[in-house]
file run_10.cif (mmCIF, C-alpha atoms, pLDDT in the B column; chains and numbers go by the auth columns)
data_input
loop_
_atom_site.group_PDB
_atom_site.id
_atom_site.type_symbol
_atom_site.label_atom_id
_atom_site.label_comp_id
_atom_site.label_asym_id
_atom_site.label_seq_id
_atom_site.Cartn_x
_atom_site.Cartn_y
_atom_site.Cartn_z
_atom_site.B_iso_or_equiv
_atom_site.auth_seq_id
_atom_site.auth_asym_id
ATOM 1 C CA MET A 1 -5.121 -7.139 -20.233 71.00 1319 A
ATOM 2 C CA ARG A 2 -7.318 -4.924 -22.389 81.00 1320 A
ATOM 3 C CA ASP A 3 -8.691 -3.260 -19.242 83.00 1321 A
ATOM 4 C CA LEU A 4 -5.146 -2.579 -18.049 87.00 1322 A
ATOM 5 C CA GLY A 5 -4.427 -0.541 -21.170 89.00 1323 A
ATOM 6 C CA ALA A 6 -7.847 1.124 -21.007 90.00 1324 A
ATOM 7 C CA GLY A 7 -7.158 2.329 -17.476 90.00 1325 A
ATOM 8 C CA PHE A 8 -3.873 3.906 -18.537 93.00 1326 A
ATOM 9 C CA ARG A 9 -5.583 5.584 -21.506 94.00 1327 A
ATOM 10 C CA TYR A 10 -8.122 7.181 -19.157 94.00 1328 A
ATOM 11 C CA LEU A 11 -5.203 8.612 -17.187 93.00 1329 A
ATOM 12 C CA LEU A 12 -3.729 10.101 -20.371 94.00 1330 A
ATOM 13 C CA LYS A 13 -7.115 11.396 -21.558 94.00 1331 A
ATOM 14 C CA GLY A 14 -7.617 13.174 -18.252 93.00 1332 A
ATOM 15 C CA GLN A 15 -4.285 14.958 -18.570 93.00 1333 A
ATOM 16 C CA LYS A 16 -5.135 15.881 -22.155 94.00 1334 A
ATOM 17 C CA TRP A 17 -8.515 17.266 -21.063 92.00 1335 A
ATOM 18 C CA VAL A 18 -7.048 19.647 -18.471 92.00 1336 A
ATOM 19 C CA GLY A 19 -4.357 20.609 -20.973 90.00 1337 A
ATOM 20 C CA ARG A 20 -7.157 21.909 -23.210 90.00 1338 A
ATOM 21 C CA HIS A 21 -8.984 23.638 -20.337 87.00 1339 A
ATOM 22 C CA GLY A 22 -6.367 25.937 -18.855 86.00 1340 A
ATOM 23 C CA ARG A 23 -8.620 27.722 -16.364 84.00 1341 A
ATOM 24 C CA GLN A 24 -9.866 24.469 -14.840 82.00 1342 A
ATOM 25 C CA TYR A 25 -6.299 23.221 -14.592 87.00 1343 A
ATOM 26 C CA GLY A 26 -5.179 26.369 -12.788 85.00 1344 A
ATOM 27 C CA PHE A 27 -7.962 26.155 -10.194 81.00 1345 A
ATOM 28 C CA GLY A 28 -7.306 22.440 -9.795 85.00 1346 A
ATOM 29 C CA LEU A 29 -3.703 23.089 -8.754 89.00 1347 A
ATOM 30 C CA LEU A 30 -4.609 25.087 -5.633 88.00 1348 A
ATOM 31 C CA PRO A 31 -5.778 22.233 -3.328 89.00 1349 A
ATOM 32 C CA GLY A 32 -2.702 20.171 -4.133 86.00 1350 A
ATOM 33 C CA LEU A 33 -0.373 23.064 -3.357 89.00 1351 A
ATOM 34 C CA ILE A 34 -2.084 23.674 -0.002 90.00 1352 A
ATOM 35 C CA THR A 35 -1.860 19.977 0.901 88.00 1353 A
ATOM 36 C CA LEU A 36 1.784 19.802 -0.164 87.00 1354 A
ATOM 37 C CA VAL A 37 2.712 22.687 2.138 90.00 1355 A
ATOM 38 C CA LEU A 38 0.868 21.095 5.085 90.00 1356 A
ATOM 39 C CA TYR A 39 2.460 17.679 4.554 88.00 1357 A
ATOM 40 C CA ALA A 40 5.928 19.120 3.985 87.00 1358 A
ATOM 41 C CA ALA A 41 5.668 21.134 7.221 91.00 1359 A
ATOM 42 C CA THR A 42 4.628 18.001 9.127 88.00 1360 A
ATOM 43 C CA LEU A 43 7.487 15.896 7.741 88.00 1361 A
ATOM 44 C CA VAL A 44 10.033 18.644 8.425 91.00 1362 A
ATOM 45 C CA ALA A 45 8.764 18.932 12.012 90.00 1363 A
ATOM 46 C CA LEU A 46 9.046 15.159 12.387 87.00 1364 A
ATOM 47 C CA ALA A 47 12.592 15.192 11.022 87.00 1365 A
ATOM 48 C CA LEU A 48 13.595 17.950 13.461 89.00 1366 A
ATOM 49 C CA TRP A 49 11.830 16.746 16.602 89.00 1367 A
ATOM 50 C CA GLY A 50 11.120 13.069 15.886 85.00 1368 A
ATOM 51 C CA ALA A 51 14.043 11.955 18.062 86.00 1369 A
ATOM 52 C CA ASP A 52 12.713 14.012 20.977 87.00 1370 A
ATOM 53 C CA LEU A 53 9.276 12.467 20.514 86.00 1371 A
ATOM 54 C CA VAL A 54 10.716 8.941 20.509 85.00 1372 A
ATOM 55 C CA GLY A 55 12.815 9.741 23.594 85.00 1373 A
ATOM 56 C CA TRP A 56 9.722 10.994 25.417 88.00 1374 A
ATOM 57 C CA ALA A 57 7.752 7.867 24.421 86.00 1375 A
ATOM 58 C CA THR A 58 10.480 5.429 25.540 85.00 1376 A
ATOM 59 C CA PRO A 59 11.450 6.399 29.116 85.00 1377 A
ATOM 60 C CA PHE A 60 12.161 2.737 29.873 84.00 1378 A
ATOM 61 C CA ALA A 61 15.308 2.981 27.714 80.00 1379 A
ATOM 62 C CA ASP A 62 16.858 5.762 29.818 80.00 1380 A
ATOM 63 C CA ASP A 63 18.824 3.312 31.964 81.00 1381 A
ATOM 64 C CA TRP A 64 20.087 1.158 29.093 84.00 1382 A
ATOM 65 C CA ALA A 65 23.829 0.940 28.628 80.00 1383 A
ATOM 66 C CA ASP A 66 25.453 2.675 25.678 79.00 1384 A
ATOM 67 C CA PRO A 67 25.104 2.309 22.744 84.00 1385 A
ATOM 68 C CA TRP A 68 21.855 0.304 22.942 83.00 1386 A
ATOM 69 C CA ALA A 69 19.531 3.124 23.969 82.00 1387 A
ATOM 70 C CA GLY A 70 20.788 5.339 21.136 83.00 1388 A
ATOM 71 C CA LEU A 71 20.573 2.560 18.575 86.00 1389 A
ATOM 72 C CA PHE A 72 17.082 1.562 19.687 85.00 1390 A
ATOM 73 C CA ARG A 73 15.752 5.103 19.633 84.00 1391 A
ATOM 74 C CA GLY A 74 17.481 5.870 16.355 86.00 1392 A
ATOM 75 C CA PHE A 75 15.848 2.831 14.787 86.00 1393 A
ATOM 76 C CA LEU A 76 12.411 3.866 16.112 85.00 1394 A
ATOM 77 C CA THR A 77 12.934 7.412 14.814 86.00 1395 A
ATOM 78 C CA ALA A 78 13.768 6.101 11.336 86.00 1396 A
ATOM 79 C CA VAL A 79 10.753 3.774 11.410 82.00 1397 A
ATOM 80 C CA LEU A 80 8.492 6.617 12.536 83.00 1398 A
ATOM 81 C CA PHE A 81 9.645 8.898 9.722 84.00 1399 A
ATOM 82 C CA ALA A 82 9.424 6.124 7.095 81.00 1400 A
ATOM 83 C CA LEU A 83 5.906 5.245 8.217 80.00 1401 A
ATOM 84 C CA ALA A 84 4.878 8.915 8.160 83.00 1402 A
ATOM 85 C CA LEU A 85 6.292 9.246 4.641 79.00 1403 A
ATOM 86 C CA LEU A 86 4.388 6.151 3.477 73.00 1404 A
ATOM 87 C CA LEU A 87 1.152 7.378 5.037 75.00 1405 A
ATOM 88 C CA SER A 88 1.653 10.799 3.438 78.00 1406 A
ATOM 89 C CA VAL A 89 1.809 9.142 0.014 72.00 1407 A
ATOM 90 C CA LEU A 90 -1.264 7.002 0.734 69.00 1408 A
ATOM 91 C CA THR A 91 -3.321 9.866 2.167 75.00 1409 A
ATOM 92 C CA PHE A 92 -2.148 12.748 -0.036 79.00 1410 A
ATOM 93 C CA THR A 93 -4.954 12.220 -2.538 74.00 1411 A
ATOM 94 C CA ALA A 94 -7.633 11.883 0.143 74.00 1412 A
ATOM 95 C CA MET A 95 -6.528 15.075 1.875 81.00 1413 A
ATOM 96 C CA THR A 96 -6.197 16.998 -1.388 83.00 1414 A
ATOM 97 C CA LEU A 97 -9.656 15.897 -2.514 78.00 1415 A
ATOM 98 C CA LEU A 98 -11.124 16.855 0.853 78.00 1416 A
ATOM 99 C CA ILE A 99 -9.549 20.324 0.767 84.00 1417 A
ATOM 100 C CA GLY A 100 -10.394 20.770 -2.906 82.00 1418 A
ATOM 101 C CA GLN A 101 -13.878 19.241 -2.934 78.00 1419 A
ATOM 102 C CA PRO A 102 -15.611 22.297 -4.495 80.00 1420 A
ATOM 103 C CA PHE A 103 -12.803 22.709 -7.074 86.00 1421 A
ATOM 104 C CA TYR A 104 -12.772 19.083 -8.161 87.00 1422 A
ATOM 105 C CA GLU A 105 -16.546 18.756 -8.063 85.00 1423 A
ATOM 106 C CA SER A 106 -16.789 21.615 -10.554 86.00 1424 A
ATOM 107 C CA LEU A 107 -14.014 20.139 -12.720 91.00 1425 A
ATOM 108 C CA SER A 108 -15.655 16.702 -12.733 90.00 1426 A
ATOM 109 C CA GLU A 109 -19.031 18.159 -13.718 90.00 1427 A
ATOM 110 C CA LYS A 110 -17.448 20.025 -16.616 91.00 1428 A
ATOM 111 C CA VAL A 111 -15.779 16.824 -17.841 93.00 1429 A
ATOM 112 C CA ASP A 112 -19.145 15.036 -17.665 92.00 1430 A
ATOM 113 C CA ARG A 113 -20.877 17.765 -19.659 90.00 1431 A
ATOM 114 C CA ASP A 114 -18.057 17.898 -22.185 90.00 1432 A
ATOM 115 C CA VAL A 115 -18.181 14.188 -23.052 90.00 1433 A
ATOM 116 C CA SER A 116 -21.879 13.497 -22.499 87.00 1434 A
ATOM 117 C CA PRO A 117 -23.880 13.033 -25.745 86.00 1435 A
ATOM 118 C CA ASP A 118 -26.618 15.348 -24.434 83.00 1436 A
ATOM 119 C CA GLY A 119 -24.261 17.841 -22.773 80.00 1437 A
ATOM 120 C CA THR A 120 -25.562 17.173 -19.244 81.00 1438 A
ATOM 121 C CA ALA A 121 -23.912 15.941 -16.063 77.00 1439 A
ATOM 122 C CA PRO A 122 -25.311 14.061 -13.057 77.00 1440 A
ATOM 123 C CA GLU A 123 -25.859 16.516 -10.227 72.00 1441 A
ATOM 124 C CA SER A 124 -26.140 15.968 -6.512 68.00 1442 A
ATOM 125 C CA ASP A 125 -29.229 17.394 -4.828 67.00 1443 A
ATOM 126 C CA LEU A 126 -27.386 17.630 -1.501 61.00 1444 A
ATOM 127 C CA PRO A 127 -26.219 20.967 -0.031 63.00 1445 A
ATOM 128 C CA LEU A 128 -22.486 21.664 -0.068 62.00 1446 A
ATOM 129 C CA TRP A 129 -22.038 21.079 3.668 63.00 1447 A
ATOM 130 C CA ARG A 130 -23.650 17.653 3.334 67.00 1448 A
ATOM 131 C CA GLU A 131 -21.393 16.737 0.390 66.00 1449 A
ATOM 132 C CA LEU A 132 -18.325 17.806 2.371 65.00 1450 A
ATOM 133 C CA TRP A 133 -19.434 15.721 5.348 70.00 1451 A
ATOM 134 C CA ILE A 134 -19.969 12.629 3.187 68.00 1452 A
ATOM 135 C CA ALA A 135 -16.635 13.153 1.436 67.00 1453 A
ATOM 136 C CA ALA A 136 -14.810 13.523 4.783 69.00 1454 A
ATOM 137 C CA ARG A 137 -16.539 10.465 6.260 71.00 1455 A
ATOM 138 C CA ASP A 138 -15.812 8.290 3.233 70.00 1456 A
ATOM 139 C CA SER A 139 -12.218 9.520 3.036 67.00 1457 A
ATOM 140 C CA LEU A 140 -11.635 8.515 6.660 72.00 1458 A
ATOM 141 C CA ARG A 141 -12.959 5.047 5.916 74.00 1459 A
ATOM 142 C CA ILE A 142 -10.685 4.667 2.926 71.00 1460 A
ATOM 143 C CA VAL A 143 -7.684 6.111 4.768 72.00 1461 A
ATOM 144 C CA ALA A 144 -8.278 3.628 7.609 77.00 1462 A
ATOM 145 C CA ARG A 145 -8.247 0.752 5.110 78.00 1463 A
ATOM 146 C CA ALA A 146 -5.151 2.165 3.424 75.00 1464 A
ATOM 147 C CA ALA A 147 -3.402 2.576 6.788 75.00 1465 A
ATOM 148 C CA VAL A 148 -3.959 -1.101 7.621 82.00 1466 A
ATOM 149 C CA TRP A 149 -2.388 -2.064 4.302 80.00 1467 A
ATOM 150 C CA ALA A 150 0.463 0.403 4.875 76.00 1468 A
ATOM 151 C CA VAL A 151 1.358 -1.087 8.261 79.00 1469 A
ATOM 152 C CA LEU A 152 1.099 -4.642 6.896 83.00 1470 A
ATOM 153 C CA LEU A 153 3.286 -3.908 3.869 79.00 1471 A
ATOM 154 C CA PHE A 154 5.760 -1.978 6.002 73.00 1472 A
ATOM 155 C CA ALA A 155 6.117 -4.995 8.310 81.00 1473 A
ATOM 156 C CA LEU A 156 6.504 -7.369 5.344 80.00 1474 A
ATOM 157 C CA GLY A 157 9.237 -5.100 4.022 77.00 1475 A
ATOM 158 C CA PHE A 158 11.586 -6.579 6.631 76.00 1476 A
ATOM 159 C CA VAL A 159 11.240 -10.069 5.113 79.00 1477 A
ATOM 160 C CA PRO A 160 14.539 -10.880 3.354 80.00 1478 A
ATOM 161 C CA VAL A 161 14.476 -10.733 -0.464 78.00 1479 A
ATOM 162 C CA ALA A 162 10.658 -10.638 -0.797 75.00 1480 A
ATOM 163 C CA GLY A 163 10.516 -7.479 1.299 75.00 1481 A
ATOM 164 C CA GLN A 164 12.782 -5.684 -1.147 73.00 1482 A
ATOM 165 C CA THR A 165 11.286 -7.087 -4.379 81.00 1483 A
ATOM 166 C CA VAL A 166 7.738 -8.437 -4.234 85.00 1484 A
ATOM 167 C CA VAL A 167 6.365 -6.285 -1.420 83.00 1485 A
ATOM 168 C CA PRO A 168 7.120 -2.893 -3.083 83.00 1486 A
ATOM 169 C CA VAL A 169 5.361 -4.056 -6.255 86.00 1487 A
ATOM 170 C CA ILE A 170 2.311 -5.156 -4.268 87.00 1488 A
ATOM 171 C CA GLY A 171 2.445 -1.837 -2.441 85.00 1489 A
ATOM 172 C CA PHE A 172 2.166 0.166 -5.648 87.00 1490 A
ATOM 173 C CA PHE A 173 -0.805 -1.896 -6.823 90.00 1491 A
ATOM 174 C CA VAL A 174 -2.546 -1.444 -3.454 89.00 1492 A
ATOM 175 C CA THR A 175 -1.795 2.280 -3.464 85.00 1493 A
ATOM 176 C CA GLY A 176 -3.050 2.535 -7.052 88.00 1494 A
ATOM 177 C CA PHE A 177 -6.342 0.916 -6.089 90.00 1495 A
ATOM 178 C CA PHE A 178 -6.968 3.310 -3.208 87.00 1496 A
ATOM 179 C CA LEU A 179 -5.880 6.320 -5.282 86.00 1497 A
ATOM 180 C CA THR A 180 -8.400 5.343 -7.950 91.00 1498 A
ATOM 181 C CA GLU A 181 -11.134 4.921 -5.355 88.00 1499 A
ATOM 182 C CA GLU A 182 -10.539 8.400 -3.993 85.00 1500 A
ATOM 183 C CA LEU A 183 -10.404 9.984 -7.435 90.00 1501 A
ATOM 184 C CA THR A 184 -13.482 8.252 -8.873 92.00 1502 A
ATOM 185 C CA ALA A 185 -15.367 9.097 -5.682 88.00 1503 A
ATOM 186 C CA VAL A 186 -15.717 12.694 -6.913 86.00 1504 A
ATOM 187 C CA ALA A 187 -17.851 11.578 -9.873 89.00 1505 A
ATOM 188 C CA LEU A 188 -19.472 8.527 -8.281 89.00 1506 A
ATOM 189 C CA GLN A 189 -20.558 10.333 -5.122 85.00 1507 A
ATOM 190 C CA ARG A 190 -22.367 12.839 -7.335 86.00 1508 A
ATOM 191 C CA ARG A 191 -24.208 9.860 -8.827 87.00 1509 A
ATOM 192 C CA GLY A 192 -25.286 8.673 -5.378 82.00 1510 A
ATOM 193 C CA VAL A 193 -22.933 5.671 -5.274 85.00 1511 A
ATOM 194 C CA GLU A 194 -22.015 4.887 -1.661 83.00 1512 A
ATOM 195 C CA VAL A 195 -18.495 3.905 -0.594 82.00 1513 A
ATOM 196 C CA ARG A 196 -19.233 0.165 -0.287 85.00 1514 A
ATOM 197 C CA GLU A 197 -20.815 0.136 -3.736 89.00 1515 A
ATOM 198 C CA ARG A 198 -17.805 2.034 -5.108 87.00 1516 A
ATOM 199 C CA LEU A 199 -15.385 -0.496 -3.692 87.00 1517 A
ATOM 200 C CA ALA A 200 -17.412 -3.395 -5.097 91.00 1518 A
ATOM 201 C CA LEU A 201 -17.578 -1.651 -8.475 91.00 1519 A
ATOM 202 C CA LEU A 202 -13.822 -1.115 -8.559 91.00 1520 A
ATOM 203 C CA ARG A 203 -13.062 -4.663 -7.431 90.00 1521 A
ATOM 204 C CA SER A 204 -15.137 -5.956 -10.346 91.00 1522 A
ATOM 205 C CA ARG A 205 -12.734 -4.195 -12.772 91.00 1523 A
ATOM 206 C CA LYS A 206 -9.416 -4.520 -10.937 90.00 1524 A
ATOM 207 C CA THR A 207 -7.223 -4.512 -14.036 92.00 1525 A
ATOM 208 C CA LEU A 208 -8.894 -1.293 -15.237 94.00 1526 A
ATOM 209 C CA VAL A 209 -8.292 0.251 -11.814 93.00 1527 A
ATOM 210 C CA TRP A 210 -4.658 -0.891 -11.726 93.00 1528 A
ATOM 211 C CA GLY A 211 -4.029 0.406 -15.230 93.00 1529 A
ATOM 212 C CA PHE A 212 -5.191 3.842 -14.081 95.00 1530 A
ATOM 213 C CA GLY A 213 -3.992 3.952 -10.493 92.00 1531 A
ATOM 214 C CA THR A 214 -0.660 2.115 -10.438 92.00 1532 A
ATOM 215 C CA PRO A 215 1.193 4.469 -12.842 92.00 1533 A
ATOM 216 C CA LEU A 216 -0.328 7.341 -10.887 90.00 1534 A
ATOM 217 C CA ALA A 217 0.904 5.830 -7.610 87.00 1535 A
ATOM 218 C CA LEU A 218 4.423 5.651 -9.048 88.00 1536 A
ATOM 219 C CA ALA A 219 4.221 9.323 -10.042 87.00 1537 A
ATOM 220 C CA PHE A 220 2.652 10.339 -6.723 79.00 1538 A
ATOM 221 C CA VAL A 221 5.700 9.064 -4.815 76.00 1539 A
ATOM 222 C CA VAL A 222 6.912 12.611 -5.405 74.00 1540 A
ATOM 223 C CA PRO A 223 4.124 14.813 -3.922 64.00 1541 A
ATOM 224 C CA PHE A 224 5.328 17.804 -5.962 75.00 1542 A
ATOM 225 C CA VAL A 225 4.556 15.815 -9.126 83.00 1543 A
ATOM 226 C CA ALA A 226 1.201 14.817 -7.643 80.00 1544 A
ATOM 227 C CA VAL A 227 0.192 18.477 -7.394 85.00 1545 A
ATOM 228 C CA PHE A 228 0.514 18.966 -11.146 90.00 1546 A
ATOM 229 C CA LEU A 229 -1.075 15.646 -12.099 90.00 1547 A
ATOM 230 C CA MET A 230 -4.042 15.876 -9.727 89.00 1548 A
ATOM 231 C CA PRO A 231 -6.417 17.939 -11.924 92.00 1549 A
ATOM 232 C CA GLY A 232 -5.872 15.601 -14.870 93.00 1550 A
ATOM 233 C CA ALA A 233 -6.237 12.597 -12.573 93.00 1551 A
ATOM 234 C CA VAL A 234 -9.659 13.835 -11.456 93.00 1552 A
ATOM 235 C CA ALA A 235 -10.666 14.396 -15.092 93.00 1553 A
ATOM 236 C CA GLY A 236 -9.464 10.927 -16.101 94.00 1554 A
ATOM 237 C CA ALA A 237 -11.187 9.320 -13.116 94.00 1555 A
ATOM 238 C CA THR A 238 -14.441 10.981 -14.164 94.00 1556 A
ATOM 239 C CA LEU A 239 -14.106 9.455 -17.625 94.00 1557 A
ATOM 240 C CA MET A 240 -13.409 6.068 -16.057 94.00 1558 A
ATOM 241 C CA ALA A 241 -16.386 6.439 -13.715 92.00 1559 A
ATOM 242 C CA ARG A 242 -18.614 6.842 -16.762 93.00 1560 A
ATOM 243 C CA ASP A 243 -17.216 3.571 -18.098 91.00 1561 A
ATOM 244 C CA LEU A 244 -17.827 1.815 -14.766 91.00 1562 A
ATOM 245 C CA MET A 245 -21.417 3.061 -14.713 89.00 1563 A
ATOM 246 C CA GLY A 246 -22.002 2.036 -18.340 87.00 1564 A
ATOM 247 C CA GLU A 247 -22.629 5.599 -19.511 86.00 1565 A
ATOM 248 C CA GLU A 248 -22.085 6.620 -23.118 83.00 1566 A
ATOM 249 C CA THR A 249 -19.146 8.923 -23.770 80.00 1567 A
ATOM 250 C CA GLU A 250 -18.425 11.028 -26.845 76.00 1568 A
ATOM 251 C CA GLU A 251 -14.705 10.676 -27.502 66.00 1569 A
ATOM 252 C CA GLY A 252 -14.665 13.909 -29.485 57.00 1570 A
ATOM 253 C CA GLY A 253 -15.271 15.843 -26.293 57.00 1571 A
ATOM 254 C CA VAL A 254 -11.957 14.603 -24.954 55.00 1572 A
ATOM 255 C CA ALA A 255 -9.726 14.901 -27.957 46.00 1573 A
ATOM 256 C CA ASP A 256 -11.120 17.331 -30.487 42.00 1574 A
ATOM 257 C CA GLU A 257 -12.497 20.353 -28.649 43.00 1575 A
ATOM 258 C CA PRO A 258 -10.694 23.574 -29.664 40.00 1576 A
ATOM 259 C CA GLU A 259 -8.467 25.290 -27.139 41.00 1577 A
ATOM 260 C CA GLU A 260 -10.344 28.604 -27.163 38.00 1578 A
ATOM 261 C CA GLU A 261 -13.644 27.077 -26.121 40.00 1579 A
ATOM 262 C CA GLY A 262 -12.016 24.962 -23.389 40.00 1580 A
ATOM 263 C CA VAL A 263 -10.235 27.857 -21.657 35.00 1581 A
ATOM 264 C CA GLY A 264 -13.395 29.847 -21.375 37.00 1582 A
ATOM 265 C CA THR A 265 -15.319 26.978 -19.807 36.00 1583 A
#
call {"tool": "encode", "arguments": {"input": "run_10.cif", "output": "structure tokens"}}
result
Amino acid sequence: MRDLGAGFRYLLKGQKWVGRHGRQYGFGLLPGLITLVLYAATLVALALWGADLVGWATPFADDWADPWAGLFRGFLTAVLFALALLLSVLTFTAMTLLIGQPFYESLSEKVDRDVSPDGTAPESDLPLWRELWIAARDSLRIVARAAVWAVLLFALGFVPVAGQTVVPVIGFFVTGFFLTEELTAVALQRRGVEVRERLALLRSRKTLVWGFGTPLALAFVVPFVAVFLMPGAVAGATLMARDLMGEETEEGGVADEPEEEGVGT
């Protein structure tokens, strides 16, 4: 249970860090805003033309007697939109991190330098294009895993009672785990930790991961909120990555640095 509280404290410390570093926070908002616009446009398009898409995909229902064809296609349209909404929540972080890789990489490095006893941060020797390729490849792997869980949990949601009580709770814990993986990947990838090693590392401290990621998953249900929390989430995930790697952290760098120095960073 101690790890559960520690994970939540890292989330709060990350938000506090970006609050003291206004310029980094401002730059960190841009990728989230871009992703929000793209996702919102997709969901609006699905709401407007989803019924047409379902009608095109189900020609076998054309000859069904009323009202069965309409009910069947209406149900499929609702399922399609609900699944798209769930996937948008699960993949919002991955897409935002992919779009904002240079922004968040810079933010994560500054957090590392700020809290490191010697003022240094691990640096990747790879060129930017190579880092982007690795980030995109790893994100696809994680999104594929998350999509499998999303479909499974969506199907279990139709189970009476459990589908409306237990399954949503499990869903938030699963989402929190994958959110934390994506966010810590910014710092861990810079340290040369591959995706399989990252997953094993996170599984070894599940309560820490849930303490960080589950409250974030609850907040990220509203993508607009996610935009404003994302920079702090990256900062907090960097602090947690240092814990996972057993690196020493100076707490004063998180809590006590004066505002003027932080904004000019």
call {"tool": "atom_distance", "arguments": {"input": "run_10.cif", "atom1": "CA of Val1513 in chain A", "atom2": "CA of Val1527 in chain A"}}
result
15.6 Å
call {"tool": "resolve_selection", "arguments": {"input": "run_10.cif", "expression": "the PyMOL selection byres ((chain A and resi 1537-1546) around 7)", "output": "PyMOL selection string"}}
result
chain A and resi 1347+1350-1351+1354+1407+1533-1536+1547-1548
call {"tool": "atom_distance", "arguments": {"input": "run_10.cif", "atom1": "CA of Trp1386 in chain A", "atom2": "CA of Ala1400 in chain A"}}
result
21.0 Å
call {"tool": "atom_distance", "arguments": {"input": "run_10.cif", "atom1": "CA of Val1484 in chain A", "atom2": "CA of Val1469 in chain A"}}
result
15.8 Å
call {"tool": "resolve_selection", "arguments": {"input": "run_10.cif", "expression": "the PyMOL selection byres ((chain A and resi 1418) around 8)", "output": "PyMOL selection string"}}
result
chain A and resi 1346+1348-1350+1414-1417+1419-1422
call {"tool": "residues_around", "arguments": {"input": "run_10.cif", "residues": "Thr1438 in chain A", "least_positions_apart": "6", "cutoff": "10 Å", "atoms": "only C-alpha atoms", "output": "list of chain:residue names"}}
result
A:Glu1427, A:Lys1428, A:Val1429, A:Asp1430, A:Arg1431, A:Asp1432
